[in-house]
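Structure file query38.csv; described as CSV, C-alpha atoms.
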```csv
chain,number,residue,atom,x,y,z
A,1,MET,CA,107.6,63.9,113.9
A,2,LYS,CA,110.5,65.9,112.6
A,3,SER,CA,109.8,69.5,111.5
A,4,VAL,CA,110.2,70.2,107.8
A,5,ARG,CA,112.8,72.9,107.0
A,6,LYS,CA,113.9,74.8,103.9
A,7,LEU,CA,111.4,73.5,101.3
A,8,VAL,CA,112.1,76.6,99.2
A,9,TYR,CA,115.2,78.3,100.3
A,10,SER,CA,113.7,79.6,103.5
A,11,THR,CA,112.8,78.3,107.0
A,12,ILE,CA,109.2,77.4,107.2
A,13,VAL,CA,106.9,75.3,109.3
A,14,PRO,CA,105.0,72.6,107.5
A,15,LEU,CA,101.5,71.6,107.3
A,16,LEU,CA,100.7,67.9,106.9
A,17,PHE,CA,98.0,66.6,104.6
A,18,THR,CA,96.1,63.5,105.7
A,19,GLY,CA,93.1,61.7,104.4
A,20,CYS,CA,89.6,62.6,105.7
A,21,ASN,CA,90.0,60.2,108.6
A,22,GLY,CA,93.7,60.8,109.3
A,23,THR,CA,95.5,62.8,112.0
A,24,CYS,CA,99.0,64.3,112.4
A,25,ILE,CA,100.8,66.9,114.4
A,26,VAL,CA,103.8,68.7,113.0
A,27,SER,CA,104.9,71.7,115.2
A,28,ASP,CA,104.3,73.4,118.4
A,29,SER,CA,102.4,76.6,117.4
A,30,LEU,CA,99.6,77.6,115.2
A,31,SER,CA,101.5,79.5,112.6
A,32,CYS,CA,102.2,77.1,109.7
A,33,LYS,CA,103.1,77.6,106.1
A,34,TRP,CA,103.9,75.2,103.3
A,35,MET,CA,105.5,76.1,100.0
A,36,SER,CA,105.9,73.5,97.4
A,37,SER,CA,109.2,73.1,95.5
A,38,ARG,CA,107.6,71.3,92.6
A,39,LYS,CA,104.1,70.6,91.3
A,40,THR,CA,102.4,68.1,93.7
A,41,VAL,CA,99.4,66.1,92.5
A,42,LEU,CA,97.3,64.4,95.2
A,43,SER,CA,95.5,62.0,93.0
A,44,ALA,CA,92.1,60.4,93.8
A,45,ASP,CA,93.4,57.3,91.9
A,46,VAL,CA,96.1,56.6,94.5
A,47,GLN,CA,95.3,55.1,97.9
A,48,ASP,CA,98.3,56.7,99.7
A,49,SER,CA,100.9,59.2,98.7
A,50,VAL,CA,103.9,60.3,100.7
A,51,PHE,CA,105.9,63.4,99.9
A,52,ARG,CA,109.3,64.0,101.6
A,53,SER,CA,111.1,67.3,102.1
A,54,PRO,CA,114.8,67.5,101.4
A,55,ASP,CA,115.8,67.1,105.1
A,56,GLY,CA,113.6,63.9,105.5
A,57,GLY,CA,110.6,65.5,107.1
A,58,VAL,CA,107.3,64.1,105.7
A,59,ILE,CA,104.2,65.7,104.1
A,60,VAL,CA,101.5,63.0,103.8
A,61,ALA,CA,98.4,62.9,101.6
A,62,ARG,CA,95.9,60.1,101.6
A,63,SER,CA,93.3,59.6,98.9
A,64,GLY,CA,91.3,56.8,97.4
A,65,PRO,CA,87.8,55.9,98.8
A,66,ASP,CA,88.1,58.9,101.1
A,67,GLY,CA,90.0,61.0,98.6
A,68,ASP,CA,87.4,63.7,98.1
A,69,CYS,CA,88.9,65.9,100.7
A,70,LEU,CA,92.2,67.1,102.3
A,71,VAL,CA,92.6,67.6,106.0
A,72,PHE,CA,95.2,70.0,107.3
A,73,SER,CA,96.1,69.3,110.9
A,74,VAL,CA,98.1,71.9,112.8
A,75,PRO,CA,98.9,72.2,116.6
A,76,ALA,CA,96.3,74.3,118.3
A,77,LYS,CA,96.1,73.2,122.0
A,78,GLY,CA,94.2,75.8,124.0
A,79,LEU,CA,92.9,77.8,121.1
A,80,GLU,CA,89.9,79.6,122.5
A,81,ALA,CA,86.5,80.5,121.3
A,82,GLY,CA,86.4,83.9,119.4
A,83,SER,CA,89.9,83.4,118.0
A,84,ALA,CA,90.2,84.4,114.4
A,85,VAL,CA,92.1,81.9,112.2
A,86,GLU,CA,93.5,82.7,108.8
A,87,PHE,CA,93.5,79.9,106.2
A,88,ASP,CA,95.0,80.5,102.8
A,89,LEU,CA,95.3,78.0,100.0
A,90,THR,CA,96.5,77.8,96.4
A,91,LEU,CA,95.6,74.8,94.2
A,92,SER,CA,93.8,73.6,91.1
A,93,CYS,CA,91.5,70.6,90.8
A,94,ASN,CA,90.7,68.0,88.2
A,95,PRO,CA,87.8,67.7,87.5
A,96,GLU,CA,86.4,71.2,88.4
A,97,SER,CA,84.8,71.1,91.8
A,98,LEU,CA,83.1,73.3,94.4
A,99,ILE,CA,85.3,73.1,97.5
A,100,THR,CA,83.7,73.4,100.9
A,101,LEU,CA,85.9,74.6,103.7
A,102,GLU,CA,85.3,73.3,107.3
A,103,TYR,CA,87.0,73.1,110.6
A,104,HIS,CA,86.5,70.5,113.3
A,105,ASP,CA,85.4,71.9,116.7
A,106,GLY,CA,85.9,68.6,118.6
A,107,ASN,CA,82.3,67.4,118.0
A,108,GLY,CA,81.8,67.8,114.3
A,109,TRP,CA,82.7,69.8,111.1
A,110,THR,CA,81.6,73.5,110.9
A,111,ARG,CA,81.6,75.2,107.5
A,112,PHE,CA,83.3,78.6,107.2
A,113,GLY,CA,83.7,79.1,103.4
A,114,GLY,CA,84.2,77.7,100.0
A,115,PHE,CA,85.3,78.4,96.5
A,116,ARG,CA,85.2,76.9,93.0
A,117,CYS,CA,88.4,75.2,91.9
A,118,GLY,CA,89.3,74.2,88.3
A,119,LYS,CA,92.2,73.9,85.9
A,120,GLU,CA,93.7,77.3,86.8
A,121,TYR,CA,95.3,77.8,90.2
A,122,VAL,CA,92.9,79.5,92.6
A,123,THR,CA,94.2,81.7,95.4
A,124,SER,CA,91.7,81.4,98.3
A,125,LEU,CA,92.1,83.6,101.4
A,126,HIS,CA,89.7,83.1,104.3
A,127,THR,CA,89.4,84.4,107.9
A,128,PHE,CA,87.0,82.7,110.3
A,129,ARG,CA,86.3,82.8,114.0
A,130,LEU,CA,86.0,79.7,116.2
A,131,ASP,CA,82.6,79.2,117.8
A,132,LYS,CA,84.1,77.3,120.7
A,133,ASP,CA,87.4,76.4,122.4
A,134,ILE,CA,89.5,73.8,120.5
A,135,ALA,CA,89.8,71.0,123.1
A,136,GLU,CA,91.9,68.8,120.9
A,137,ASP,CA,95.7,69.2,120.5
A,138,SER,CA,95.3,70.0,116.8
A,139,LEU,CA,93.0,72.2,114.7
A,140,ARG,CA,91.8,70.3,111.7
A,141,ILE,CA,90.7,72.2,108.5
A,142,ARG,CA,89.0,70.2,105.8
A,143,CYS,CA,88.7,71.0,102.1
A,144,ASN,CA,85.8,68.9,101.0
A,145,ALA,CA,85.1,68.4,97.2
A,146,GLY,CA,82.2,66.0,97.4
A,147,LEU,CA,83.6,63.8,94.6
A,148,ASP,CA,86.9,62.2,93.6
A,149,VAL,CA,89.2,65.0,92.7
A,150,ASP,CA,92.9,65.4,92.0
A,151,PHE,CA,94.2,68.2,94.1
A,152,ILE,CA,97.1,69.9,92.4
A,153,PHE,CA,99.5,72.2,94.3
A,154,PRO,CA,101.6,74.6,92.2
A,155,GLU,CA,105.4,74.8,91.7
A,156,THR,CA,108.0,76.9,93.4
A,157,GLY,CA,107.0,80.3,94.8
A,158,TYR,CA,103.4,79.8,95.7
A,159,VAL,CA,102.3,79.5,99.3
A,160,ALA,CA,100.4,76.3,98.9
A,161,ALA,CA,98.8,76.5,102.3
A,162,ASN,CA,99.0,78.8,105.4
A,163,VAL,CA,97.3,78.7,108.8
A,164,SER,CA,97.7,81.4,111.4
A,165,ASP,CA,96.1,82.4,114.7
A,166,LEU,CA,95.1,86.1,114.5
A,167,GLY,CA,93.9,86.3,118.1
A,168,THR,CA,90.6,87.5,119.5
A,169,SER,CA,90.8,91.2,118.5
A,170,VAL,CA,88.0,92.8,116.4
A,171,PRO,CA,89.2,95.0,113.5
A,172,GLN,CA,87.9,98.6,113.5
A,173,ASP,CA,87.1,98.6,109.8
A,174,THR,CA,86.8,96.4,106.7
A,175,LEU,CA,88.0,97.0,103.2
A,176,LYS,CA,86.9,94.8,100.3
A,177,MET,CA,90.0,94.4,98.2
A,178,PHE,CA,91.0,93.0,94.8
A,179,VAL,CA,94.5,91.9,94.0
A,180,LEU,CA,95.7,91.1,90.5
A,181,GLY,CA,99.2,90.1,89.5
A,182,ASN,CA,101.7,87.4,88.7
A,183,SER,CA,104.7,85.7,90.3
A,184,PHE,CA,106.0,89.0,91.7
A,185,THR,CA,103.0,89.0,93.9
A,186,TYR,CA,102.5,85.4,94.7
A,187,PHE,CA,106.1,84.5,95.6
A,188,TYR,CA,106.3,83.8,99.3
A,189,GLY,CA,102.8,85.1,99.8
A,190,SER,CA,103.0,88.9,100.0
A,191,THR,CA,99.1,89.1,99.8
A,192,PRO,CA,98.6,86.9,102.9
A,193,MET,CA,101.3,88.9,104.6
A,194,LEU,CA,99.5,92.2,103.8
A,195,LYS,CA,96.3,90.7,105.2
A,196,LYS,CA,98.0,89.8,108.4
A,197,LEU,CA,99.7,93.1,108.7
A,198,ALA,CA,96.4,94.9,108.3
A,199,TRP,CA,94.6,92.6,110.8
A,200,LYS,CA,97.2,93.1,113.5
A,201,GLU,CA,97.0,96.9,113.0
A,202,GLY,CA,93.2,96.8,113.3
A,203,HIS,CA,91.9,96.5,109.8
A,204,PHE,CA,90.3,93.5,108.0
A,205,LEU,CA,91.1,93.1,104.4
A,206,ASP,CA,88.4,90.9,102.6
A,207,ILE,CA,90.6,89.9,99.6
A,208,SER,CA,89.8,88.4,96.3
A,209,ALA,CA,92.9,87.6,94.2
A,210,ASN,CA,93.9,86.2,90.9
A,211,LEU,CA,97.7,85.6,90.6
A,212,LYS,CA,99.2,83.8,87.6
A,213,GLY,CA,102.8,83.7,86.6
A,214,GLY,CA,104.1,85.8,83.7
A,215,GLN,CA,100.8,87.7,83.2
A,216,THR,CA,100.6,91.3,81.9
A,217,LEU,CA,97.7,93.5,82.7
A,218,GLY,CA,96.6,92.9,79.2
A,219,ASP,CA,96.6,89.1,79.8
A,220,HIS,CA,94.4,89.6,82.8
A,221,LEU,CA,91.8,91.3,80.7
A,222,SER,CA,91.1,88.0,79.0
A,223,LEU,CA,91.7,85.5,81.9
A,224,GLU,CA,88.4,83.9,83.0
A,225,LEU,CA,89.3,84.0,86.8
A,226,SER,CA,90.3,87.7,86.5
A,227,ARG,CA,87.1,88.6,84.7
A,228,LYS,CA,85.0,86.8,87.3
A,229,ALA,CA,86.8,88.5,90.2
A,230,ILE,CA,86.3,91.9,88.6
A,231,ALA,CA,82.6,91.2,88.0
A,232,GLU,CA,82.2,90.4,91.7
A,233,GLY,CA,82.4,94.2,92.2
A,234,ASP,CA,81.9,96.5,95.1
A,235,TYR,CA,85.6,96.7,95.8
A,236,ASP,CA,87.0,99.5,98.0
A,237,VAL,CA,90.5,99.1,96.6
A,238,ALA,CA,92.4,97.2,94.0
A,239,ILE,CA,96.1,96.5,93.7
A,240,ILE,CA,97.3,95.6,90.2
A,241,GLN,CA,100.8,94.5,89.2
A,242,ASP,CA,102.1,94.3,85.6
A,243,GLN,CA,104.8,92.1,84.1
A,244,SER,CA,108.1,93.1,85.6
A,245,GLN,CA,109.7,94.8,82.6
A,246,ASN,CA,106.6,96.2,80.9
A,247,PRO,CA,106.5,99.7,82.6
A,248,ALA,CA,110.3,100.2,81.8
A,249,ARG,CA,109.8,99.1,78.2
A,250,TYR,CA,107.0,101.5,77.8
A,251,ALA,CA,109.0,104.4,79.3
A,252,GLU,CA,112.0,103.6,77.1
A,253,THR,CA,110.1,103.1,73.9
A,254,PRO,CA,106.5,104.5,74.3
A,255,ASP,CA,105.5,104.2,70.7
A,256,LEU,CA,106.4,100.5,70.5
A,257,TYR,CA,104.9,99.6,73.9
A,258,ARG,CA,101.9,101.9,74.0
A,259,GLN,CA,99.7,98.9,74.5
A,260,VAL,CA,101.1,98.7,78.1
A,261,GLN,CA,99.4,102.0,79.0
A,262,GLU,CA,96.3,101.1,77.0
A,263,ASP,CA,95.9,97.8,78.8
A,264,CYS,CA,96.3,99.6,82.2
A,265,ILE,CA,93.6,102.1,81.2
A,266,ALA,CA,91.3,99.3,80.0
A,267,LEU,CA,91.8,97.2,83.2
A,268,ALA,CA,91.1,100.2,85.4
A,269,GLY,CA,88.0,100.9,83.4
A,270,GLN,CA,86.7,97.4,83.8
A,271,ILE,CA,87.3,97.5,87.6
A,272,ARG,CA,85.5,100.8,88.0
A,273,SER,CA,82.6,99.6,85.8
A,274,ARG,CA,81.7,97.2,88.7
A,275,SER,CA,83.3,99.1,91.6
A,276,SER,CA,82.7,102.8,90.8
A,277,ASP,CA,84.4,104.2,93.9
A,278,CYS,CA,87.3,101.7,93.9
A,279,ARG,CA,90.8,103.2,94.6
A,280,ILE,CA,93.2,101.6,92.2
A,281,ILE,CA,96.9,101.2,93.2
A,282,ILE,CA,99.6,100.1,90.8
A,283,ASP,CA,102.6,98.3,92.2
A,284,ARG,CA,105.8,99.9,91.0
A,285,THR,CA,107.9,96.8,90.9
A,286,TRP,CA,111.7,96.6,91.5
A,287,ALA,CA,114.8,96.5,89.5
A,288,TYR,CA,116.6,93.1,89.8
A,289,PRO,CA,120.1,91.9,88.9
A,290,GLY,CA,119.0,88.8,86.8
A,291,LEU,CA,118.9,88.9,83.0
A,292,ASP,CA,121.4,91.8,82.9
A,293,CYS,CA,119.0,93.9,85.1
A,294,GLY,CA,116.0,92.9,83.0
A,295,GLY,CA,117.9,93.8,79.8
A,296,PHE,CA,118.4,97.4,80.9
A,297,GLY,CA,122.1,97.0,82.0
A,298,ASP,CA,122.1,98.3,85.5
A,299,TYR,CA,119.9,98.9,88.6
A,300,ASP,CA,119.7,102.7,88.2
A,301,THR,CA,118.5,102.6,84.6
A,302,PHE,CA,116.0,99.8,85.3
A,303,ASP,CA,114.7,101.6,88.4
A,304,ARG,CA,114.5,105.0,86.6
A,305,LEU,CA,112.5,103.5,83.7
A,306,LEU,CA,110.2,101.5,86.0
A,307,ALA,CA,109.4,104.6,87.9
A,308,LYS,CA,108.8,106.7,84.8
A,309,GLY,CA,106.7,104.1,83.1
A,310,THR,CA,104.6,103.3,86.2
A,311,GLU,CA,104.0,107.1,86.7
A,312,LEU,CA,102.7,107.5,83.1
A,313,MET,CA,100.4,104.4,83.5
A,314,ALA,CA,99.1,105.7,86.9
A,315,GLU,CA,98.4,109.1,85.5
A,316,ALA,CA,96.5,107.8,82.5
A,317,ALA,CA,94.5,105.4,84.6
A,318,CYS,CA,93.9,107.8,87.5
A,319,ALA,CA,95.6,105.4,89.9
A,320,ASP,CA,97.9,105.7,92.9
A,321,ILE,CA,101.4,104.1,93.0
A,322,ALA,CA,102.8,101.7,95.6
A,323,PRO,CA,106.6,102.6,95.6
A,324,VAL,CA,107.7,99.0,96.1
A,325,GLY,CA,110.6,99.4,93.8
A,326,GLU,CA,111.8,102.5,95.6
A,327,ALA,CA,111.7,100.5,98.8
A,328,PHE,CA,113.9,97.7,97.2
A,329,SER,CA,116.4,100.3,96.0
A,330,LEU,CA,116.6,102.0,99.4
A,331,CYS,CA,117.0,98.7,101.2
A,332,ARG,CA,119.8,97.6,98.9
A,333,THR,CA,121.6,100.8,99.9
A,334,MET,CA,120.8,100.9,103.7
A,335,TYR,CA,120.7,97.1,104.4
A,336,PRO,CA,122.8,95.4,101.7
A,337,GLU,CA,123.0,92.3,104.0
A,338,ILE,CA,119.3,91.7,103.6
A,339,GLY,CA,118.6,89.3,100.7
A,340,LEU,CA,115.6,90.7,98.8
A,341,TYR,CA,115.8,88.3,95.9
A,342,PHE,CA,115.0,84.6,95.3
A,343,PRO,CA,118.1,82.7,93.9
A,344,ASP,CA,117.0,83.4,90.4
A,345,GLU,CA,117.9,87.1,91.1
A,346,LYS,CA,114.5,88.3,90.0
A,347,HIS,CA,111.6,87.2,92.1
A,348,PRO,CA,111.3,88.3,95.7
A,349,SER,CA,112.7,86.4,98.7
A,350,ALA,CA,110.5,86.1,101.8
A,351,GLU,CA,112.1,89.3,102.9
A,352,GLY,CA,111.3,91.0,99.6
A,353,ALA,CA,107.7,89.8,99.7
A,354,TYR,CA,107.3,91.2,103.3
A,355,LEU,CA,108.8,94.5,102.2
A,356,LYS,CA,106.3,94.7,99.3
A,357,ALA,CA,103.4,94.0,101.8
A,358,CYS,CA,104.6,96.7,104.1
A,359,VAL,CA,104.7,99.3,101.4
A,360,GLU,CA,101.2,98.4,100.3
A,361,TYR,CA,99.9,98.5,103.9
A,362,LEU,CA,101.3,102.0,104.5
A,363,LEU,CA,99.9,103.3,101.2
A,364,LEU,CA,96.5,101.8,102.0
A,365,PHE,CA,96.1,103.2,105.5
A,366,GLY,CA,98.5,106.2,105.5
A,367,LYS,CA,99.9,105.7,109.0
A,368,ARG,CA,103.1,104.2,110.3
A,369,PHE,CA,103.4,100.8,111.9
A,370,SER,CA,102.7,100.3,115.6
A,371,PRO,CA,105.4,98.7,117.8
A,372,ASP,CA,103.3,95.5,117.7
A,373,ALA,CA,103.2,95.1,113.9
A,374,PRO,CA,103.6,91.4,113.0
A,375,ASP,CA,107.0,90.1,111.7
A,376,CYS,CA,105.3,87.3,109.6
A,377,GLY,CA,108.3,85.1,110.4
A,378,ILE,CA,110.9,87.5,109.0
A,379,PRO,CA,113.9,88.0,111.3
A,380,CYS,CA,114.7,91.5,109.9
A,381,ALA,CA,111.1,92.7,109.9
A,382,ILE,CA,111.8,95.8,112.0
A,383,ALA,CA,114.4,97.0,109.5
A,384,LEU,CA,112.1,96.3,106.5
A,385,ARG,CA,109.2,98.2,108.1
A,386,SER,CA,111.5,101.2,108.6
A,387,VAL,CA,112.6,101.0,104.9
A,388,ALA,CA,108.9,100.8,103.8
A,389,GLU,CA,108.1,103.9,105.9
A,390,ALA,CA,111.0,105.7,104.3
A,391,ALA,CA,109.8,104.8,100.8
A,392,VAL,CA,106.2,105.9,101.5
A,393,PHE,CA,106.7,108.8,104.0
A,394,GLY,CA,110.3,109.9,103.3
A,395,LYS,CA,111.6,109.1,106.8
A,396,ASN,CA,115.3,109.0,107.4
A,397,ILE,CA,116.7,105.7,108.5
A,398,ASN,CA,119.2,105.7,111.3
A,399,ASP,CA,118.4,102.4,113.0
A,400,ARG,CA,120.3,99.5,111.4
A,401,THR,CA,119.2,96.9,113.9
A,402,ILE,CA,118.1,93.7,112.2
```
Produce structure tokens that represent the structure in this file.
Amino acid sequence: MKSVRKLVYSTIVPLLFTGCNGTCIVSDSLSCKWMSSRKTVLSADVQDSVFRSPDGGVIVARSGPDGDCLVFSVPAKGLEAGSAVEFDLTLSCNPESLITLEYHDGNGWTRFGGFRCGKEYVTSLHTFRLDKDIAEDSLRIRCNAGLDVDFIFPETGYVAANVSDLGTSVPQDTLKMFVLGNSFTYFYGSTPMLKKLAWKEGHFLDISANLKGGQTLGDHLSLELSRKAIAEGDYDVAIIQDQSQNPARYAETPDLYRQVQEDCIALAGQIRSRSSDCRIIIDRTWAYPGLDCGGFGDYDTFDRLLAKGTELMAEAACADIAPVGEAFSLCRTMYPEIGLYFPDEKHPSAEGAYLKACVEYLLLFGKRFSPDAPDCGIPCAIALRSVAEAAVFGKNINDRTI
């Protein structure tokens, strides 16, 4: 079957959806990502549904009598026992349902996780180890609802599904982590990239996340999924990301936008009430050219105000800052040929999302990348890692190899 390319302005490898009894093979390696370009509803009321990519490749879903589950089938010939597999998913469900996650070991289905899915999009990140070798040509992962459910995949930007082989290594430590943000975090999956970066460098991030477009930190204070994730507690670290213009607005007009700082303080307080030793990190987001540089006229003004506003917020909330915006600014200067922005000139491209993940990794662990750090499918990953190190550690960049 033909590979699917450029579903959302980037080269990706597809997953195929099948009914509970279906099979399909779509590529030649276990590193598959699917991003939806529009809302996709896999309805339990429809026997068969076929979704085609712009280049004619096919993503298939089957529902109906067996429509209480989705099966993701990806090439995995020779995948050995002890291999860690990353499975990430973003979807909503109607009606609300408890989703059981299972993989097929050749003889039967083995449960490795689960989550509750309702009307809001849920970001679910799971890492599991195979109990035995996968003798089949494909690894099948099943999302089992137990009743007829409409599975609803989100619109542009979200990583609807991701499957990766992480290898057989055993991480040296584990951090329980909470990620809260909006489309600046979910576009192209910077959080799954961060998790993969950490794993390959010897660290397991056990991540709970709630990512919803357009949300401010104040909005998250009242969102049900955010409150539930905070209440889970016992987090070692939390990364929070505000609406893209809020810190700059607060820095420019602090009296008018004082609520921005107050919401940050309140959110940090809620997190610490259930995770007393949690290290809180605020993403300093990036200036962008769209909307007349966010309404601030130019990159320099926007960047300066974002930096000032985020610093004031972090000081008030006793939080650290991930200098993602500084990394974007540095990259624009050193590597102007790297496209950091989605075509809307605001959200991150795949390269921008990877750069964000790199900065967060370095701030979390305080050490430079090893030569074997994963590229996450980004051709210019080496250059972006060097930019991230410069932003976090102040290293001069001399190598312009992409």
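Across A:Gly269, A:His347, A:Arg304, A:Met334, the tightest approach to A:Gly290 is made by A:His347 when counting all atoms listed in the file.
The space separating atom CA of A:Ser226 from atom CA of A:Leu197 comes to 24.7 Å.
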Point out the residue among A:Leu363, A:Ile382, A:Leu91, A:Ala251 with the least atom-to-atom distance to A:Gly309, counting all atoms listed in the file. A:Ala251
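Atom CA of A:Ile281 is positioned 16.0 Å from atom CA of A:Lys195.
Near A:Val237, within 7 Å and counting only C-alpha atoms, sit Lys176, Met177, Phe178, Tyr235, Ile239, Cys278, Arg279 and Ile280 of chain A; same-chain residues fewer than 2 positions away were not included.
Between atom CA of A:Glu224 and atom CA of A:Glu315 there is a distance of 27.2 Å.
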Can you tell me, as a ChimeraX atom specification, what residues are no more than 6 Å from stretch 324-331 of chain A when counting all atoms listed in the file, ignoring any on the same chain fewer than 5 positions away? /A:284-286,356,388,391
Compare A:Ala161, A:Ile207, A:Val41, A:Ala81 by their minimum atom-to-atom distance to A:Thr127, counting only C-alpha atoms, and give me the closest one. A:Ile207
Can you tell me which residues surround stretch 138-153 of chain A at a distance of at most 8 Å, considering only C-alpha atoms, apart from same-chain residues fewer than 3 positions away, and format the answer as a VMD selection string? chain A and resid 20 25 36 39 to 44 64 67 to 77 90 to 95 97 to 105 134 160
Residue neighbourhood A:Lys228, 10 Å, all atoms listed in the file, exclusion window fewer than 5 positions, as an NGL selection string: :A and (210 or 223 or 233)
Can you write just those residues out, C-alpha atoms, as a CSV table (one decimal), keeping the file's coordinate frame?
```csv
chain,number,residue,atom,x,y,z
A,210,ASN,CA,93.9,86.2,90.9
A,223,LEU,CA,91.7,85.5,81.9
A,233,GLY,CA,82.4,94.2,92.2
```
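The closest residue to A:Asp234, picked from A:Lys33, A:Arg129, A:Arg272, A:Lys367 and counting all atoms listed in the file, is A:Arg272.
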Would you please work out which residue, of A:Phe184, A:Phe87, A:Trp34, A:Phe204, is nearest to A:Pro348 when using only C-alpha atoms? A:Phe184
Give me the box for stretch 154-171 of chain A as AutoDock Vina command-line options, namely the centre and edge lengths in Å to one decimal of a box along x, y and z that holds every listed atom plus 5 Å on each side.
```
--center_x 98.0 --center_y 84.8 --center_z 105.6 --size_x 30.0 --size_y 30.4 --size_z 37.8
```
Pick out the residues sitting within 8 Å of A:Gly218, and hand them over as a CSV table (one decimal) with C-alpha atoms, in the frame of the given file; count all atoms listed in the file, and ignore anything fewer than 5 positions along from it in its own chain.
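Writing the result to around-v2.csv gives the following:
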```
chain,number,residue,atom,x,y,z
A,260,VAL,CA,101.1,98.7,78.1
A,263,ASP,CA,95.9,97.8,78.8
A,264,CYS,CA,96.3,99.6,82.2
A,267,LEU,CA,91.8,97.2,83.2
```
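With all atoms listed in the file as the atoms that count, the minimum distance from A:Pro192 to the choices A:Asp236, A:Asp277, A:Asp283, A:Asp88 is reached by A:Asp88.
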List as number ranges by chain the residues having at least one atom at most 12 Å from position (106.1, 86.8, 114.1) as given in the file, counting all atoms listed in the file. A: 29-32, 164-166, 193, 196-197, 200, 354, 372-382
Produce a file of the selected residues containing C-alpha atoms, as an mmCIF file, keeping the file's coordinate frame.
```
data_model
loop_
_atom_site.group_PDB
_atom_site.id
_atom_site.type_symbol
_atom_site.label_atom_id
_atom_site.label_comp_id
_atom_site.auth_asym_id
_atom_site.auth_seq_id
_atom_site.Cartn_x
_atom_site.Cartn_y
_atom_site.Cartn_z
ATOM 1 C CA SER A 29 102.400 76.600 117.400
ATOM 2 C CA LEU A 30 99.600 77.600 115.200
ATOM 3 C CA SER A 31 101.500 79.500 112.600
ATOM 4 C CA CYS A 32 102.200 77.100 109.700
ATOM 5 C CA SER A 164 97.700 81.400 111.400
ATOM 6 C CA ASP A 165 96.100 82.400 114.700
ATOM 7 C CA LEU A 166 95.100 86.100 114.500
ATOM 8 C CA MET A 193 101.300 88.900 104.600
ATOM 9 C CA LYS A 196 98.000 89.800 108.400
ATOM 10 C CA LEU A 197 99.700 93.100 108.700
ATOM 11 C CA LYS A 200 97.200 93.100 113.500
ATOM 12 C CA TYR A 354 107.300 91.200 103.300
ATOM 13 C CA ASP A 372 103.300 95.500 117.700
ATOM 14 C CA ALA A 373 103.200 95.100 113.900
ATOM 15 C CA PRO A 374 103.600 91.400 113.000
ATOM 16 C CA ASP A 375 107.000 90.100 111.700
ATOM 17 C CA CYS A 376 105.300 87.300 109.600
ATOM 18 C CA GLY A 377 108.300 85.100 110.400
ATOM 19 C CA ILE A 378 110.900 87.500 109.000
ATOM 20 C CA PRO A 379 113.900 88.000 111.300
ATOM 21 C CA CYS A 380 114.700 91.500 109.900
ATOM 22 C CA ALA A 381 111.100 92.700 109.900
ATOM 23 C CA ILE A 382 111.800 95.800 112.000
#
```
Could you pull out every residue with an atom within 8 Å of (90.2, 80.8, 122.0), file coordinates, counting all atoms listed in the file, and send them as a PyMOL selection string? chain A and resi 78-83+130+132-134+167-168
